[in-house]
file final_14.txt (compact mmCIF, C-alpha atoms)
# COMPACT_ATOMS: atom_id res chain seq x y z
CA MET A 1 0.00 0.00 0.00
CA PRO A 2 2.48 2.70 1.04
CA SER A 3 4.47 2.01 -2.12
CA HIS A 4 1.62 3.61 -4.11
CA GLU A 5 1.75 6.83 -2.10
CA PRO A 6 3.80 9.62 -3.66
CA THR A 7 7.16 10.40 -2.08
CA ALA A 8 8.01 13.68 -0.37
CA ALA A 9 9.77 14.98 -3.48
CA GLU A 10 6.85 14.07 -5.72
CA ARG A 11 4.40 15.75 -3.34
CA PHE A 12 6.56 18.86 -3.28
CA ILE A 13 6.90 19.13 -7.06
CA ASN A 14 3.24 18.30 -7.69
CA GLY A 15 2.05 21.21 -5.58
CA ILE A 16 3.96 23.81 -7.55
CA ILE A 17 2.91 23.22 -11.16
CA PRO A 18 1.44 19.78 -12.04
CA GLU A 19 -1.29 19.98 -9.34
CA ASN A 20 -1.21 23.73 -8.79
CA PRO A 21 -4.04 24.50 -6.35
CA VAL A 22 -5.39 27.43 -8.38
CA TYR A 23 -4.60 26.61 -12.01
CA ARG A 24 -5.03 22.82 -11.85
CA GLN A 25 -7.41 22.15 -8.96
CA LEU A 26 -9.37 25.44 -8.93
CA LEU A 27 -9.17 25.55 -5.13
CA GLY A 28 -8.98 28.67 -2.97
CA MET A 29 -10.87 30.81 -5.47
CA CYS A 30 -12.14 33.23 -2.81
CA PRO A 31 -8.73 34.69 -1.83
CA THR A 32 -7.53 34.27 -5.43
CA LEU A 33 -10.18 36.72 -6.58
CA ALA A 34 -10.49 38.90 -3.51
CA VAL A 35 -6.98 39.87 -2.43
CA THR A 36 -5.08 39.99 -5.72
CA ALA A 37 -5.60 43.68 -6.50
CA GLY A 38 -2.01 44.21 -5.30
CA MET A 39 1.10 42.16 -4.63
CA LYS A 40 1.36 43.12 -0.95
CA PRO A 41 -2.03 41.78 0.15
CA ALA A 42 -1.67 38.77 -2.16
CA MET A 43 1.69 37.78 -0.68
CA THR A 44 0.49 38.34 2.88
CA MET A 45 -2.44 36.07 2.13
CA ALA A 46 -0.10 33.48 0.59
CA ALA A 47 2.11 33.57 3.69
CA ALA A 48 -0.83 33.24 6.09
CA THR A 49 -2.25 30.36 4.07
CA ALA A 50 1.17 28.68 3.96
CA PHE A 51 1.49 28.93 7.74
CA VAL A 52 -1.95 27.40 8.30
CA LEU A 53 -1.42 24.67 5.68
CA ILE A 54 2.00 23.64 6.97
CA MET A 55 0.92 23.58 10.63
CA ALA A 56 -2.35 21.75 9.91
CA ASN A 57 -0.53 19.19 7.76
CA ILE A 58 2.05 18.55 10.50
CA ILE A 59 -0.54 18.13 13.28
CA VAL A 60 -2.88 15.96 11.20
CA SER A 61 0.02 13.80 10.06
CA LEU A 62 1.21 13.29 13.65
CA ILE A 63 -2.22 12.22 14.89
CA ARG A 64 -3.24 10.33 11.73
CA GLY A 65 -3.11 6.97 13.53
CA LEU A 66 -5.68 8.17 16.07
CA LEU A 67 -8.22 9.60 13.62
CA LYS A 68 -11.67 8.01 13.52
CA PRO A 69 -12.95 8.02 9.93
CA HIS A 70 -16.27 9.70 10.74
CA LEU A 71 -14.70 12.36 12.97
CA ARG A 72 -11.73 13.21 10.79
CA ILE A 73 -13.27 16.26 9.08
CA LEU A 74 -14.16 17.67 12.49
CA VAL A 75 -10.54 17.28 13.62
CA PHE A 76 -9.25 18.87 10.40
CA THR A 77 -11.58 21.86 10.76
CA LEU A 78 -10.74 22.31 14.43
CA THR A 79 -7.02 22.27 13.66
CA ILE A 80 -7.30 24.63 10.69
CA ALA A 81 -9.53 27.08 12.58
CA THR A 82 -7.03 27.23 15.44
CA PHE A 83 -4.11 28.12 13.19
CA VAL A 84 -6.17 30.59 11.18
CA THR A 85 -7.09 32.39 14.41
CA ILE A 86 -3.41 32.50 15.37
CA ALA A 87 -2.47 33.90 11.94
CA ASP A 88 -5.24 36.50 12.18
CA ARG A 89 -4.14 37.66 15.65
CA VAL A 90 -0.47 37.80 14.64
CA LEU A 91 -1.33 39.95 11.60
CA ALA A 92 -3.44 42.26 13.76
CA ALA A 93 -0.61 42.59 16.26
CA TYR A 94 2.35 43.08 13.92
CA LEU A 95 0.91 44.13 10.52
CA TRP A 96 -2.04 46.22 11.60
CA GLU A 97 -2.49 48.08 8.31
CA MET A 98 -2.34 44.87 6.28
CA SER A 99 -4.68 43.11 8.67
CA LYS A 100 -7.16 45.94 8.13
CA ALA A 101 -6.72 45.80 4.36
CA LEU A 102 -7.30 42.04 4.21
CA GLY A 103 -10.35 42.38 6.45
CA PRO A 104 -12.52 39.24 6.52
CA TYR A 105 -10.33 37.30 4.10
CA VAL A 106 -7.91 36.15 6.79
CA PRO A 107 -10.61 34.44 8.91
CA LEU A 108 -11.95 33.04 5.64
CA ILE A 109 -8.78 30.95 5.20
CA ILE A 110 -10.68 28.45 7.38
CA VAL A 111 -12.91 27.61 4.42
CA ASN A 112 -10.09 27.47 1.87
CA CYS A 113 -10.58 23.97 0.46
CA LEU A 114 -6.89 23.78 -0.45
CA ILE A 115 -6.04 23.19 3.21
CA ILE A 116 -8.69 20.64 4.10
CA SER A 117 -8.03 18.79 0.84
CA ARG A 118 -4.33 18.40 1.73
CA CYS A 119 -5.31 17.09 5.19
CA GLU A 120 -7.61 14.57 3.54
CA ILE A 121 -5.42 13.57 0.60
CA CYS A 122 -1.95 13.65 2.06
CA SER A 123 -1.32 14.32 5.74
CA SER A 124 -4.00 11.98 7.14
CA LYS A 125 -2.33 9.15 5.21
CA GLN A 126 1.40 9.90 5.21
CA GLY A 127 4.12 10.80 7.70
CA PRO A 128 5.16 14.30 8.80
CA GLY A 129 8.10 14.52 6.39
CA VAL A 130 5.93 13.94 3.33
CA ALA A 131 3.18 16.11 4.82
CA ILE A 132 5.57 19.05 5.25
CA ALA A 133 6.94 18.63 1.71
CA ASP A 134 3.37 18.51 0.41
CA ALA A 135 2.34 21.61 2.37
CA VAL A 136 5.38 23.59 1.27
CA GLY A 137 4.91 22.60 -2.38
CA MET A 138 1.22 23.47 -2.35
CA SER A 139 1.92 26.76 -0.53
CA LEU A 140 4.49 27.70 -3.17
CA GLY A 141 2.04 26.78 -5.92
CA PHE A 142 -0.66 28.89 -4.28
CA ALA A 143 1.74 31.81 -3.79
CA LEU A 144 2.86 31.62 -7.43
CA ALA A 145 -0.74 31.59 -8.63
CA LEU A 146 -1.69 34.58 -6.45
CA ALA A 147 1.46 36.39 -7.55
CA SER A 148 0.72 35.85 -11.24
CA ILE A 149 -2.79 37.28 -10.93
CA ALA A 150 -1.77 40.11 -8.60
CA THR A 151 1.10 41.08 -10.93
CA VAL A 152 -1.22 41.47 -13.91
CA ARG A 153 -3.88 43.31 -11.89
CA GLU A 154 -1.59 45.67 -10.01
CA ILE A 155 0.51 46.64 -13.04
CA LEU A 156 -2.47 47.18 -15.35
CA GLY A 157 -4.75 48.63 -12.68
CA ALA A 158 -2.42 50.88 -10.71
CA GLY A 159 0.78 50.98 -12.78
CA THR A 160 2.75 49.66 -9.80
CA TRP A 161 4.21 46.36 -8.55
CA PHE A 162 4.56 45.85 -4.80
CA GLY A 163 3.69 49.54 -4.58
CA LEU A 164 6.69 50.55 -6.73
CA PRO A 165 5.94 52.49 -9.92
CA VAL A 166 6.33 50.33 -13.05
CA LEU A 167 4.25 52.05 -15.70
CA SER A 168 4.61 55.79 -15.99
CA ALA A 169 1.41 57.63 -15.06
CA THR A 170 1.97 59.99 -18.00
CA TRP A 171 1.28 57.44 -20.74
CA TRP A 172 -0.53 54.69 -18.85
CA PRO A 173 -4.09 55.64 -17.90
CA THR A 174 -4.51 53.29 -14.94
CA TRP A 175 -7.09 50.72 -15.81
CA GLY A 176 -9.38 50.98 -12.79
CA VAL A 177 -11.49 47.95 -13.63
CA MET A 178 -8.49 45.68 -12.99
CA MET A 179 -8.59 46.67 -9.30
CA LEU A 180 -12.29 45.79 -9.10
CA PRO A 181 -13.90 42.33 -8.95
CA PRO A 182 -14.45 42.17 -12.76
CA GLY A 183 -10.69 42.61 -13.21
CA ALA A 184 -10.11 39.65 -10.91
CA PHE A 185 -12.47 37.42 -12.89
CA LEU A 186 -11.09 38.54 -16.25
CA THR A 187 -7.49 37.99 -15.19
CA LEU A 188 -8.19 34.62 -13.61
CA GLY A 189 -10.14 33.45 -16.66
CA LEU A 190 -7.47 34.50 -19.13
CA LEU A 191 -4.61 33.07 -17.06
CA LEU A 192 -6.54 29.80 -16.54
CA GLY A 193 -7.03 29.61 -20.29
CA LEU A 194 -3.34 30.27 -20.85
CA ALA A 195 -2.31 27.59 -18.33
CA GLU A 196 -4.68 25.09 -19.96
CA TRP A 197 -3.39 25.97 -23.44
CA ILE A 198 0.23 25.45 -22.34
CA GLY A 199 -0.78 22.16 -20.72
CA GLN A 200 -2.45 20.95 -23.94
CA LYS A 201 0.56 21.98 -26.03
CA LYS A 202 2.87 20.05 -23.74
CA LYS A 203 0.64 16.99 -23.92
CA GLN A 204 0.58 17.12 -27.72
CA SER A 205 4.32 17.53 -28.02
CA SER A 206 5.00 14.63 -25.63
CA ALA A 207 2.46 12.33 -27.41
CA MET B 1 -17.26 -3.43 32.20
CA SER B 2 -19.23 -0.63 30.69
CA GLU B 3 -17.89 -1.23 27.20
CA THR B 4 -21.35 -1.58 25.77
CA SER B 5 -22.80 1.48 27.51
CA PRO B 6 -23.30 4.33 25.07
CA LYS B 7 -21.58 6.83 27.35
CA SER B 8 -18.20 5.14 27.24
CA GLY B 9 -18.76 4.57 23.53
CA TYR B 10 -19.10 8.32 22.90
CA LEU B 11 -16.02 9.03 24.94
CA ARG B 12 -14.04 6.38 23.11
CA GLN B 13 -15.10 7.90 19.82
CA ALA B 14 -14.60 11.52 20.72
CA TRP B 15 -11.72 11.64 23.16
CA LEU B 16 -9.33 12.95 20.51
CA VAL B 17 -11.69 15.73 19.50
CA ILE B 18 -12.25 16.72 23.14
CA LEU B 19 -8.56 16.63 23.93
CA LEU B 20 -7.65 18.65 20.83
CA ALA B 21 -10.38 21.20 21.56
CA LEU B 22 -9.03 21.68 25.09
CA PHE B 23 -5.46 21.93 23.83
CA TYR B 24 -6.30 24.36 21.02
CA GLY B 25 -8.47 26.41 23.36
CA ALA B 26 -5.59 26.78 25.77
CA ALA B 27 -3.21 27.65 22.92
CA LEU B 28 -5.57 30.35 21.61
CA ALA B 29 -6.03 31.75 25.09
CA GLY B 30 -2.26 31.98 25.30
CA VAL B 31 -2.07 33.77 21.95
CA GLN B 32 -4.79 36.20 23.01
CA VAL B 33 -3.11 36.94 26.35
CA THR B 34 0.21 37.55 24.57
CA LEU B 35 -0.99 39.55 21.57
CA GLY B 36 -4.24 41.08 22.91
CA PRO B 37 -2.66 44.15 24.52
CA ARG B 38 -0.61 44.82 21.40
CA ILE B 39 -3.68 44.64 19.16
CA ALA B 40 -5.65 46.92 21.49
CA LYS B 41 -2.72 49.34 21.40
CA ASN B 42 -2.66 49.27 17.57
CA LYS B 43 -6.34 50.21 17.52
CA LEU B 44 -5.89 52.96 20.07
CA ASN B 45 -2.75 54.28 18.35
CA GLU B 46 -4.65 54.66 15.13
CA THR B 47 -7.22 56.80 16.92
CA TYR B 48 -4.56 58.85 18.74
CA GLU B 49 -2.55 59.41 15.55
CA GLN B 50 -5.61 60.95 13.95
CA VAL B 51 -6.33 63.37 16.79
CA PRO B 52 -4.02 66.20 15.61
CA LYS B 53 -5.18 65.68 12.00
CA ILE B 54 -8.89 66.09 12.69
CA VAL B 55 -8.71 68.55 15.59
CA PRO B 56 -6.50 71.50 14.61
CA GLY B 57 -4.03 72.51 17.29
CA ALA B 58 -4.38 69.29 19.25
CA ASP B 59 -1.35 67.46 20.61
CA GLN B 60 -1.42 63.68 20.36
CA THR B 61 0.25 63.15 23.73
CA LYS B 62 -2.23 65.41 25.51
CA THR B 63 -5.27 63.42 24.43
CA VAL B 64 -7.43 62.23 27.31
CA PRO B 65 -9.80 59.28 26.89
CA ARG B 66 -13.19 59.79 28.54
CA THR B 67 -16.16 57.52 28.99
CA VAL B 68 -19.59 59.00 28.41
CA LYS B 69 -23.07 57.53 28.62
CA GLY B 70 -25.14 58.02 25.47
CA GLU B 71 -28.18 60.26 25.86
CA VAL B 72 -30.22 58.26 23.37
CA ASP B 73 -29.24 54.64 24.00
CA GLY B 74 -27.77 54.79 27.53
CA LYS B 75 -24.70 52.79 26.47
CA GLU B 76 -21.16 53.72 27.44
CA TYR B 77 -18.82 55.12 24.77
CA SER B 78 -15.20 56.21 24.68
CA VAL B 79 -14.54 59.71 23.42
CA TYR B 80 -11.23 61.56 23.32
CA GLN B 81 -10.72 65.04 24.65
CA ALA B 82 -8.05 66.89 22.70
CA PHE B 83 -5.77 69.47 24.30
CA SER B 84 -3.15 71.71 22.79
CA MET B 85 0.52 71.66 23.82
CA GLY B 86 -0.26 74.42 26.31
CA GLY B 87 -3.12 72.45 27.87
CA ASP B 88 -6.00 74.38 26.27
CA HIS B 89 -9.05 72.35 25.41
CA VAL B 90 -9.20 72.52 21.60
CA GLY B 91 -11.74 69.86 20.71
CA TRP B 92 -13.00 66.33 20.81
CA VAL B 93 -12.64 63.14 18.82
CA VAL B 94 -15.81 61.06 18.77
CA PRO B 95 -15.84 57.51 17.37
CA ALA B 96 -18.99 56.90 15.32
CA SER B 97 -20.36 54.02 13.29
CA GLY B 98 -23.12 53.63 10.75
CA GLN B 99 -24.35 51.18 8.16
CA GLY B 100 -22.73 51.63 4.77
CA PHE B 101 -23.47 49.90 1.49
CA ALA B 102 -21.54 46.72 2.27
CA ASP B 103 -20.87 46.70 5.99
CA ARG B 104 -20.51 48.89 9.04
CA ILE B 105 -18.46 52.06 8.58
CA ASP B 106 -16.40 53.22 11.57
CA VAL B 107 -15.28 56.84 11.60
CA LEU B 108 -13.70 59.34 13.95
CA VAL B 109 -15.30 62.79 14.07
CA GLY B 110 -13.27 65.79 15.15
CA ILE B 111 -15.26 68.62 16.70
CA ASP B 112 -14.29 71.87 18.37
CA ALA B 113 -14.35 72.40 22.14
CA PRO B 114 -17.81 74.05 22.35
CA LEU B 115 -19.20 71.10 20.32
CA GLU B 116 -20.45 73.38 17.55
CA THR B 117 -18.28 72.92 14.45
CA ILE B 118 -16.94 69.74 12.89
CA THR B 119 -13.19 70.09 12.39
CA GLY B 120 -12.37 66.83 10.62
CA LEU B 121 -13.32 63.28 9.80
CA TYR B 122 -11.31 60.07 9.48
CA VAL B 123 -12.58 56.68 8.32
CA LEU B 124 -11.20 53.96 10.59
CA ASP B 125 -12.78 50.92 8.99
CA GLN B 126 -14.98 50.27 5.97
CA LYS B 127 -15.67 47.53 3.45
CA GLU B 128 -17.35 49.63 0.74
CA THR B 129 -17.11 48.91 -2.98
CA PRO B 130 -13.54 49.45 -4.22
CA GLY B 131 -13.37 52.39 -6.60
CA LEU B 132 -16.75 53.80 -5.58
CA GLY B 133 -17.82 53.63 -1.93
CA ASN B 134 -14.32 53.13 -0.60
CA LEU B 135 -13.45 56.66 -1.79
CA ILE B 136 -15.00 57.79 1.51
CA VAL B 137 -11.58 57.21 3.09
CA LYS B 138 -9.87 59.87 0.95
CA ASN B 139 -8.66 62.90 2.86
CA GLU B 140 -5.75 64.43 0.94
CA GLU B 141 -7.29 66.96 -1.48
CA PRO B 142 -9.63 69.71 -0.25
CA ASP B 143 -12.52 68.15 -2.20
CA ASP B 144 -11.87 64.60 -0.92
CA PHE B 145 -14.79 63.10 0.92
CA CYS B 146 -13.50 63.39 4.50
CA ASN B 147 -12.70 67.06 4.00
CA ARG B 148 -16.24 67.87 2.88
CA PHE B 149 -17.28 67.58 6.54
CA LYS B 150 -14.90 70.30 7.72
CA GLN B 151 -16.57 73.45 9.06
CA LEU B 152 -20.05 71.94 9.06
CA GLN B 153 -22.20 72.59 12.10
CA ALA B 154 -22.97 69.91 14.67
CA GLU B 155 -26.57 71.10 14.56
CA PRO B 156 -28.92 70.87 12.68
CA THR B 157 -28.58 67.29 11.40
CA LEU B 158 -26.17 66.86 8.48
CA GLU B 159 -27.79 66.28 5.12
CA VAL B 160 -26.47 64.55 2.02
CA PHE B 161 -27.00 66.16 -1.41
CA LYS B 162 -26.41 64.63 -4.83
CA ASP B 163 -25.03 67.96 -6.06
CA GLU B 164 -23.30 70.89 -4.41
CA PRO B 165 -25.18 71.68 -1.14
CA PRO B 166 -27.35 74.80 -1.46
CA PRO B 167 -26.07 77.89 0.37
CA GLY B 168 -27.16 78.02 4.00
CA SER B 169 -27.63 74.25 4.23
CA ASN B 170 -25.69 72.06 6.63
CA GLY B 171 -24.67 69.18 4.42
CA ILE B 172 -22.21 67.47 2.12
CA ARG B 173 -22.13 66.51 -1.51
CA ALA B 174 -22.37 62.73 -1.90
CA LEU B 175 -19.70 60.80 -3.77
CA SER B 176 -20.98 60.10 -7.25
CA GLY B 177 -22.05 56.50 -7.51
CA ALA B 178 -21.81 56.02 -3.78
CA THR B 179 -24.78 57.85 -2.26
CA ILE B 180 -25.44 55.05 0.23
CA SER B 181 -21.86 55.03 1.50
CA SER B 182 -21.95 58.84 1.78
CA LYS B 183 -25.21 58.73 3.70
CA GLY B 184 -23.81 55.99 5.91
CA VAL B 185 -21.01 58.27 7.03
CA ALA B 186 -23.32 61.27 7.53
CA ASN B 187 -25.75 59.14 9.54
CA ALA B 188 -22.92 57.83 11.69
CA VAL B 189 -21.83 61.40 12.46
CA ASN B 190 -25.41 62.53 13.16
CA SER B 191 -26.30 59.70 15.49
CA ALA B 192 -23.02 59.86 17.43
CA LEU B 193 -23.33 63.62 17.95
CA ASP B 194 -27.03 63.34 18.92
CA ASN B 195 -26.18 60.64 21.38
CA LEU B 196 -23.01 62.03 22.94
CA LYS B 197 -22.99 65.81 22.55
CA GLY B 198 -24.99 66.41 25.74
CA PRO B 199 -22.94 64.22 28.06
CA MET B 200 -19.67 65.42 26.49
CA GLY B 201 -20.58 69.03 27.13
CA ALA B 202 -21.00 68.18 30.80
CA LEU B 203 -17.40 66.94 31.14
CA PRO B 204 -14.73 69.23 32.64
CA ASP B 205 -12.68 71.04 30.02
CA ARG B 206 -9.34 70.41 31.71
CA PRO B 207 -7.13 67.31 31.73
CA PRO B 208 -7.88 65.18 34.81
CA SER B 209 -4.38 65.61 36.29
CA GLU B 210 -4.73 69.37 36.56
CA PRO B 211 -6.98 71.01 39.15
CA ALA B 212 -10.25 72.33 37.78
CA ALA B 213 -9.32 75.90 38.63
CA PRO B 214 -6.31 77.37 40.37
CA THR B 215 -7.32 77.89 43.98
CA SER B 216 -4.22 79.53 45.42
CA GLU B 217 -1.12 81.43 44.41
CA THR B 218 1.02 78.28 44.32
CA ASP B 219 -1.37 76.57 41.95
CA LYS B 220 -1.30 79.52 39.63
CA ARG B 221 2.46 79.58 39.53
CA GLU B 222 2.58 75.86 38.73
CA ASP B 223 0.18 76.40 35.88
CA ASP B 224 2.36 79.09 34.41

call {"tool": "encode", "arguments": {"input": "final_14.txt", "output": "structure tokens"}}
result
Amino acid sequence: MPSHEPTAAERFINGIIPENPVYRQLLGMCPTLAVTAGMKPAMTMAAATAFVLIMANIIVSLIRGLLKPHLRILVFTLTIATFVTIADRVLAAYLWEMSKALGPYVPLIIVNCLIISRCEICSSKQGPGVAIADAVGMSLGFALALASIATVREILGAGTWFGLPVLSATWWPTWGVMMLPPGAFLTLGLLLGLAEWIGQKKKQSSA
Amino acid sequence: MSETSPKSGYLRQAWLVILLALFYGAALAGVQVTLGPRIAKNKLNETYEQVPKIVPGADQTKTVPRTVKGEVDGKEYSVYQAFSMGGDHVGWVVPASGQGFADRIDVLVGIDAPLETITGLYVLDQKETPGLGNLIVKNEEPDDFCNRFKQLQAEPTLEVFKDEPPPGSNGIRALSGATISSKGVANAVNSALDNLKGPMGALPDRPPSEPAAPTSETDKREDD
């Protein structure tokens, strides 16, 4: 049985591109759309999600032998909610402005299916080493996805990247819609299409 | 033994959940005890930092928090009495909240010492539509939303107009495309002032550490 489970390295690699949470699994759409108007909030969200995912994966992996099948989701949720609350309080204590800017989206990490799916798929079945590799890989994949969308939206919408001016305000009329929800949907749709197109191309060339 | 009794069955099933809940609860209590004061300080700092910006002449370090009981709802509220460097009472900062388009809007209202003229407004927290309603936070240019409240009277009730307010009126021009957010802020200011103006006027106009009035020669010299 264990021989069929992916190794730590496979888990790690899978999370980044082949099973990217946003582009391949379409998980975590709420923060993907809501906090990608700029790089700063997007990367804070990615870091908070990474913290919760890594901690939840470690705990669930350590207690996996004790889990009762019908109570496992309850244990996952309890664990995730605890670490989300810690992340939320830490942001409010040390990054007050960012915590205010992210608003309800930090507590909403609790319902990010990316995290509970990793508990279910990986950490409740494999040891802590693999679980950490899986969490780090998935976190990187999630961060890359958020960064790609936030880069497009912030540069086109505000002419800046990480708050630093990229496009000159004199010839770039900032494209306000990119900062609004429609900009998030448009960007996500186009980038999803692009990712799918690249995937198809690769498949064809390898066939 | 009692292996077949349902009670021990539940415990056998749920002991891990109960144990984890206790453990996590304790951990969160620890986090709250450690970070709670810092978070409360962040919130308070934000209010204090705004005091000199919305009450002209006020000194941040001379701000005195006061608790007043609302005239309308009887609840207790914190207000901030602003003093100048020299200890003169220059105004008040009143926290106010009202319903916006998306969620509650929290603002700070600056008002002069006699509680007659609004001297400034700052939006502490809002979740209004980006690009439309969230423009209520702007306070840099003279025509930005927060600055439209400057020099308005505390009475009569503030009104919100779609266009430039007619002469002699006590009101603001709404943000275009965000009338509900604009009204939310105006309502917040109105209800807070209605509720708290009376009890605030009854407070002493000196910082608590200083005597209410110099009673002897020595006191006078200390004041100088």

call {"tool": "residues_around", "arguments": {"input": "final_14.txt", "residues": "range 188-195 of chain A", "least_positions_apart": "6", "cutoff": "9 Å", "atoms": "all atoms listed in the file", "output": "list of chain:residue names"}}
result
A:Val22, A:Tyr23, A:Arg24, A:Thr32, A:Leu33, A:Ser148, A:Ile149

call {"tool": "write_last_selection", "arguments": {"input": "final_14.txt", "atoms": "C-alpha atoms", "output": "PDB file, in the frame of the given file"}}
result
ATOM      1  CA  VAL A  22      -5.390  27.430  -8.380  1.00  0.00           C
ATOM      2  CA  TYR A  23      -4.600  26.610 -12.010  1.00  0.00           C
ATOM      3  CA  ARG A  24      -5.030  22.820 -11.850  1.00  0.00           C
ATOM      4  CA  THR A  32      -7.530  34.270  -5.430  1.00  0.00           C
ATOM      5  CA  LEU A  33     -10.180  36.720  -6.580  1.00  0.00           C
ATOM      6  CA  SER A 148       0.720  35.850 -11.240  1.00  0.00           C
ATOM      7  CA  ILE A 149      -2.790  37.280 -10.930  1.00  0.00           C
TER       8      ILE A 149
END

call {"tool": "atom_distance", "arguments": {"input": "final_14.txt", "atom1": "CA of Val111 in chain A", "atom2": "CA of Val177 in chain A"}}
result
27.2 Å

call {"tool": "closest_atom_pairs", "arguments": {"input": "final_14.txt", "of": "chain B", "to": "chain A", "cutoff": "12 Å", "atoms": "all atoms listed in the file", "output": "JSON lines"}}
result
{"residue": "B:Tyr10", "atom": "CA", "partner": "A:Leu71", "partner_atom": "CA", "distance": 11.6}
{"residue": "B:Arg12", "atom": "CA", "partner": "A:Lys68", "partner_atom": "CA", "distance": 10.0}
{"residue": "B:Gln13", "atom": "CA", "partner": "A:Lys68", "partner_atom": "CA", "distance": 7.2}
{"residue": "B:Ala14", "atom": "CA", "partner": "A:Leu71", "partner_atom": "CA", "distance": 7.8}
{"residue": "B:Trp15", "atom": "CA", "partner": "A:Leu66", "partner_atom": "CA", "distance": 9.9}
{"residue": "B:Leu16", "atom": "CA", "partner": "A:Leu66", "partner_atom": "CA", "distance": 7.5}
{"residue": "B:Val17", "atom": "CA", "partner": "A:Val75", "partner_atom": "CA", "distance": 6.2}
{"residue": "B:Ile18", "atom": "CA", "partner": "A:Val75", "partner_atom": "CA", "distance": 9.7}
{"residue": "B:Leu19", "atom": "CA", "partner": "A:Val75", "partner_atom": "CA", "distance": 10.5}
{"residue": "B:Leu20", "atom": "CA", "partner": "A:Val75", "partner_atom": "CA", "distance": 7.9}
{"residue": "B:Ala21", "atom": "CA", "partner": "A:Leu78", "partner_atom": "CA", "distance": 7.2}
{"residue": "B:Leu22", "atom": "CA", "partner": "A:Leu78", "partner_atom": "CA", "distance": 10.8}
{"residue": "B:Phe23", "atom": "CA", "partner": "A:Thr82", "partner_atom": "CA", "distance": 10.0}
{"residue": "B:Tyr24", "atom": "CA", "partner": "A:Thr82", "partner_atom": "CA", "distance": 6.3}
{"residue": "B:Gly25", "atom": "CA", "partner": "A:Thr82", "partner_atom": "CA", "distance": 8.1}
{"residue": "B:Ala26", "atom": "CA", "partner": "A:Thr82", "partner_atom": "CA", "distance": 10.4}
{"residue": "B:Ala27", "atom": "CA", "partner": "A:Thr82", "partner_atom": "CA", "distance": 8.4}
{"residue": "B:Leu28", "atom": "CA", "partner": "A:Ile86", "partner_atom": "CA", "distance": 6.9}
{"residue": "B:Ala29", "atom": "CA", "partner": "A:Ile86", "partner_atom": "CA", "distance": 10.1}
{"residue": "B:Gly30", "atom": "CA", "partner": "A:Ile86", "partner_atom": "CA", "distance": 10.0}
{"residue": "B:Val31", "atom": "CA", "partner": "A:Ile86", "partner_atom": "CA", "distance": 6.8}
{"residue": "B:Gln32", "atom": "CA", "partner": "A:Arg89", "partner_atom": "CA", "distance": 7.5}
{"residue": "B:Val33", "atom": "CA", "partner": "A:Arg89", "partner_atom": "CA", "distance": 10.8}
{"residue": "B:Thr34", "atom": "CA", "partner": "A:Ala93", "partner_atom": "CA", "distance": 9.8}
{"residue": "B:Leu35", "atom": "CA", "partner": "A:Ala93", "partner_atom": "CA", "distance": 6.1}
{"residue": "B:Gly36", "atom": "CA", "partner": "A:Ala93", "partner_atom": "CA", "distance": 7.7}
{"residue": "B:Pro37", "atom": "CA", "partner": "A:Ala93", "partner_atom": "CA", "distance": 8.7}
{"residue": "B:Arg38", "atom": "CA", "partner": "A:Ala93", "partner_atom": "CA", "distance": 5.6}
{"residue": "B:Ile39", "atom": "CA", "partner": "A:Ala93", "partner_atom": "CA", "distance": 4.7}
{"residue": "B:Ala40", "atom": "CA", "partner": "A:Ala93", "partner_atom": "CA", "distance": 8.5}
{"residue": "B:Lys41", "atom": "CA", "partner": "A:Ala93", "partner_atom": "CA", "distance": 8.7}
{"residue": "B:Asn42", "atom": "CA", "partner": "A:Trp96", "partner_atom": "CA", "distance": 6.7}
{"residue": "B:Lys43", "atom": "CA", "partner": "A:Trp96", "partner_atom": "CA", "distance": 8.3}
{"residue": "B:Leu44", "atom": "CA", "partner": "A:Trp96", "partner_atom": "CA", "distance": 11.5}
{"residue": "B:Asn45", "atom": "CA", "partner": "A:Trp96", "partner_atom": "CA", "distance": 10.5}
{"residue": "B:Glu46", "atom": "CA", "partner": "A:Trp96", "partner_atom": "CA", "distance": 9.5}
{"residue": "B:Asp103", "atom": "CA", "partner": "A:Pro104", "partner_atom": "CA", "distance": 11.2}
{"residue": "B:Leu124", "atom": "CA", "partner": "A:Lys100", "partner_atom": "CA", "distance": 9.3}
{"residue": "B:Asp125", "atom": "CA", "partner": "A:Lys100", "partner_atom": "CA", "distance": 7.6}
{"residue": "B:Gln126", "atom": "CA", "partner": "A:Gly103", "partner_atom": "CA", "distance": 9.2}
{"residue": "B:Lys127", "atom": "CA", "partner": "A:Gly103", "partner_atom": "CA", "distance": 8.0}
{"residue": "B:Glu128", "atom": "CA", "partner": "A:Gly103", "partner_atom": "CA", "distance": 11.6}
{"residue": "B:Thr129", "atom": "CA", "partner": "A:Leu180", "partner_atom": "CA", "distance": 8.4}
{"residue": "B:Pro130", "atom": "CA", "partner": "A:Leu180", "partner_atom": "CA", "distance": 6.2}
{"residue": "B:Gly131", "atom": "CA", "partner": "A:Leu180", "partner_atom": "CA", "distance": 7.1}
{"residue": "B:Leu132", "atom": "CA", "partner": "A:Leu180", "partner_atom": "CA", "distance": 9.8}
{"residue": "B:Gly133", "atom": "CA", "partner": "A:Leu180", "partner_atom": "CA", "distance": 12.0}
{"residue": "B:Asn134", "atom": "CA", "partner": "A:Leu180", "partner_atom": "CA", "distance": 11.4}

call {"tool": "atom_distance", "arguments": {"input": "final_14.txt", "atom1": "CA of Ser205 in chain A", "atom2": "CA of Glu10 in chain A"}}
result
22.7 Å

call {"tool": "residues_near_point", "arguments": {"input": "final_14.txt", "point": "(-0.5, 39.7, -9.5)", "cutoff": "8 Å", "atoms": "all atoms listed in the file", "output": "PyMOL selection string"}}
result
chain A and resi 36-39+42+146-155
